[in-house]
Amino acid sequence: MHIGIDFGTSYSAAAAIIDGELTLVRFGDAEQFRTAVFFPERVPDPADFALTPALEAQLEAQLRLARTRQRQQAAAAMARGQAPSPHGDDELRREALRAVRRQWMEEQTRSASASIASLQHALFGEQAVEGYLDSGGGHLIESPKSMFGYRLDPQVRKVIVHIATHILEHIRLAASRQFGVAVRGAVIGRPVEFRSSMGAQGSLQAIGILREAAAAAGFDQVTFLEEPAAAAMHYHRSLQQRQYALVVDIGGGTTDVAHARLGGGQAPRIARSWGLPSGGTDLDVSVSLHSFMPQLGKDRISMPAHRYVDAASVHNLPRQREFHQQDYRLVDEPYGSRLRALQEPGSTTRLNQAAERSKIVLSVSPRHRVALDFIEHELAVDLDGADFRDAIATFLGQLERTLTAVRNELDELPASIFLTGGTSRAPQISERVQACFPATPLVRGDPSLGVVSGLAVAASEADQQTA
Ligand SMILES: Nc1ncnc2c1ncn2[C@@H]1O[C@H](COP(=O)(O)OP(=O)(O)OP(=O)(O)O)[C@@H](O)[C@H]1O
Ligand SMILES: [Mg+2]
C-alpha cells in the first residue's frame with residue numbers, strides 16, 4: 001500500500017484514500033506533527049573533539065608508528081641510492097592528529113547510529129521540543145528539510161539521513177498500525193526548489209537524502225511529486241469546469257507555485273511550476289532580528305551583525321554552533337549577560353518559538369508583549385503592527401517578484417488561484433497574492449492539508465497501477 005507523505009519544513013503529515021475517502025494518518029490526537037526530533041543522546045559534532053588522555057595515548061601511538069614508517073622508508077630510499085625526504089615532526093603530528101580525529105568521529109557516528117536506530121529514545125513533534133527544553137541536554141533537530149540542500153560533509157550527511165529515516169519510519173509505523181497493513185510505498189512531496197547553498201545541485205542532494213532515508217525506513221517503492229502539483233491534484237477534484245488554475249503554497253521553508261489545467265472530469269495536467277526558497281521560518285528569523293536582537297545589543301554595540309543572524313537561525317546547525325562557541329564575557333553590559341543567557345541550552349529555541357508566536361499573533365492583532373525572562377528577569381518586548389510590517393517586508397517583496405514573474409510568463413490569466421500552506425494564514429500574505437492577480441478569485445484550501453491531500457490522491461493512483 002502507498003501513502004502520501006508531506007515531509008514539511010515545519011509540519012509533516014501523511015494520508016491515503018481509503019474507500020474513496022481522504023484518510024489522514026493520526027499521530028496521537030493530531031493530523032500532523034512538527035518536523036522535529038529530539039535524541040536524548042548527542043548527535044556527533046566534529047566541534048566537540050578534544051584530546052582526552054585516552055585520545056592523547058592514541059595520538060602518541062599513531063606518531064610512533066609514523067616515525068617508524070618514516071625511518072623504514074628512509075632506509076629503503078638510501079638502499080636504492082636515493083636521498084630520503086623526511087617529513088618534519090610537526091607535520092607527522094598534524095597527520096597523526098587528523099587520523100585520531102577521523103577515528104573519533106567514526107566512533108561517535110557509530111554510537112549515535114546505534115542510539116538513533118532505537119526508536120524508543122527519540123521524541124517527535126512538539127514533544128521533541130518540550131523534551132529538549134525540559135532535559136537541557138541531548139540534541140534537538142528542527143526542520144531538517146532546511147538542511148537537505150546545503151553543503152554537508154559526509155559525516156553530517158550521514159546524521160541528516162538518520163534523522164530523515166527516523167521521521168519517515170515514525171510515519172510508516174503510524175500508518176501501518178492505523179490501516180492494518182504493512183505500508184511499503186510512498187509518494188513524497190518535494191518543493192520545486194529546495195533551500196540550497198549549491199543551486200540546483202542542492203535539490204539533487206536533497207532528493208538523494210530522502211530516497212536513502214525512505215529505503216532505510218522500510219519504503220520499497222518511492223516516488224516524488226512537487227508540492228504545488230500535489231495541491232493542484234487535490235484542488236482538481238473539487239472543480240466541475242475545466243480551467244487553468246494557479247496553485248500557491250506558502251509553507252515554512254519554501255513558497256511553491258504551479259500552473260495547471262484542472263477539473264472537468266479529465267486528468268489534471270501540470271503545465272509549469274516555480275519555486276521561491278523562502279517561507280515562514282524566514283519570517284521568524286526576521287521578527288527575531290528586528291524586535292528581539294536589539295535587546296541583545298544588535299545595532300547598539302559593535303558586534304558583527306552576523307552573530308545575531310547566527311543566533312536567530314535555529315534551523316542552521318553550523319550557524320548555531322558558531323554562536324554557541326563565541327565568548328561574550330567582555331561585551332558591554334547588560335548585553336554581555338544577555339548574550340551569555342542566550343547561549344544556555346534551549347535558549348535560542350525558546351527565542352525562536354517566541355518569534356514564531358509573535359508573527360502569528362501580530363498577523364491578526366495590533367500588539368503583542370513577549371516576556372524574555374529566560375534571557376533576563378523581567379525583560380520584555382512590546383511589538384506592534386509596524387514592527388510586524390517591517391519584519392515581513394523583505395519576504396513580501398520576494399513573493400511579489402515571484403508572482404509578477406509568474407504572471408508575465410503566462411499567456412492568459414488563471415481562472416482561479418488556490419492558496420494553501422501555513423504562511424498563507426497571515427492576511428497580509430494572502431492580500432499580497434491577491435494584489436498580484438487583482439481580478440482572479442482566490443480560493444482558500446486548508447492551509448495545512450492541501451499538499452498531503454493531493455499526495456494521497458497520487459498514492460492511490462500508484463496503488464491502482466501496481467494492483
Ligand atoms: N496564522 C499564521 N500566520 C502566519 N504564519 C503562520 C500562521 N500559522 C502558521 N504559520 C506558519 O506556517 C508555517 C508552516 O506552514 P506549513 O505547514 O504549510 O509548512 P511546511 O509544509 O512544513 O513547510 P514547506 O512546505 O515549506 O516544507 C510556519 O512557519 C508557521 O509559523
Ligand atoms: Mg508544505
# chains A, B, ... in the order shown; residues from 1 in each chain; ligands from 1
>>> residues_around(residues="Phe124 (chain A)", least_positions_apart="2", cutoff="12 Å", atoms="only C-alpha atoms", output="count of residues only")
36
>>> residues_around(residues="Ile417 (chain A)", least_positions_apart="5", cutoff="9 Å", atoms="only C-alpha atoms", output="compact mmCIF listing (two decimals) with N, CA, C and O atoms, in the first residue's frame")
# COMPACT_ATOMS: atom_id res chain seq x y z
N ALA A 245 -5.66 26.91 -13.59
CA ALA A 245 -5.62 27.49 -12.25
C ALA A 245 -4.17 27.66 -11.81
O ALA A 245 -3.26 26.99 -12.34
N LEU A 246 -3.98 28.56 -10.87
CA LEU A 246 -2.66 28.73 -10.28
C LEU A 246 -2.75 28.21 -8.84
O LEU A 246 -3.72 28.51 -8.14
N VAL A 247 -1.77 27.41 -8.44
CA VAL A 247 -1.74 26.91 -7.06
C VAL A 247 -0.56 27.57 -6.37
O VAL A 247 0.56 27.56 -6.90
N VAL A 248 -0.80 28.18 -5.23
CA VAL A 248 0.27 28.87 -4.50
C VAL A 248 0.34 28.27 -3.10
O VAL A 248 -0.63 28.32 -2.34
N VAL A 433 -0.80 38.22 -2.41
CA VAL A 433 -1.06 37.30 -3.52
C VAL A 433 -2.19 37.87 -4.38
O VAL A 433 -2.09 37.96 -5.61
N GLN A 434 -3.25 38.30 -3.70
CA GLN A 434 -4.41 38.85 -4.42
C GLN A 434 -4.00 40.11 -5.21
O GLN A 434 -4.42 40.30 -6.34
N PHE A 437 -2.68 39.46 -8.57
CA PHE A 437 -3.69 38.99 -9.54
C PHE A 437 -5.03 39.59 -9.13
O PHE A 437 -5.92 38.86 -8.65
N THR A 440 -8.44 37.97 -10.21
CA THR A 440 -8.61 36.50 -10.16
C THR A 440 -9.15 36.07 -8.79
O THR A 440 -8.58 36.47 -7.76
N PRO A 441 -10.22 35.25 -8.76
CA PRO A 441 -10.73 34.81 -7.46
C PRO A 441 -9.73 33.93 -6.71
O PRO A 441 -9.09 33.07 -7.32
N LEU A 442 -9.62 34.21 -5.40
CA LEU A 442 -8.71 33.45 -4.53
C LEU A 442 -9.53 32.36 -3.85
O LEU A 442 -10.52 32.66 -3.18
N VAL A 443 -9.12 31.12 -4.01
CA VAL A 443 -9.83 30.01 -3.35
C VAL A 443 -8.94 29.51 -2.23
O VAL A 443 -7.75 29.22 -2.46
N ARG A 444 -9.48 29.44 -1.02
CA ARG A 444 -8.64 29.04 0.10
C ARG A 444 -8.81 27.56 0.39
O ARG A 444 -9.92 27.10 0.64
>>> select_by_dssp(residues="region 218-344 of chain A", states="strand (DSSP E or B)", output="count of residues only")
30
>>> atom_distance(atom1="CA of Leu173 (chain A)", atom2="CA of Ser203 (chain A)")
27.0 Å
>>> residues_near_ligand(ligand="ligand 1", cutoff="6 Å", atoms="only C-alpha atoms and all ligand atoms", output="ChimeraX atom specification")
/A:8-11,251-254,280-281,356,360,363,421-423,425-426,448
>>> closest_residue(among="A:Ala435, A:Ala50, A:Ala312, A:Ile5", to="ligand 2", atoms="only C-alpha atoms and all ligand atoms")
A:Ile5
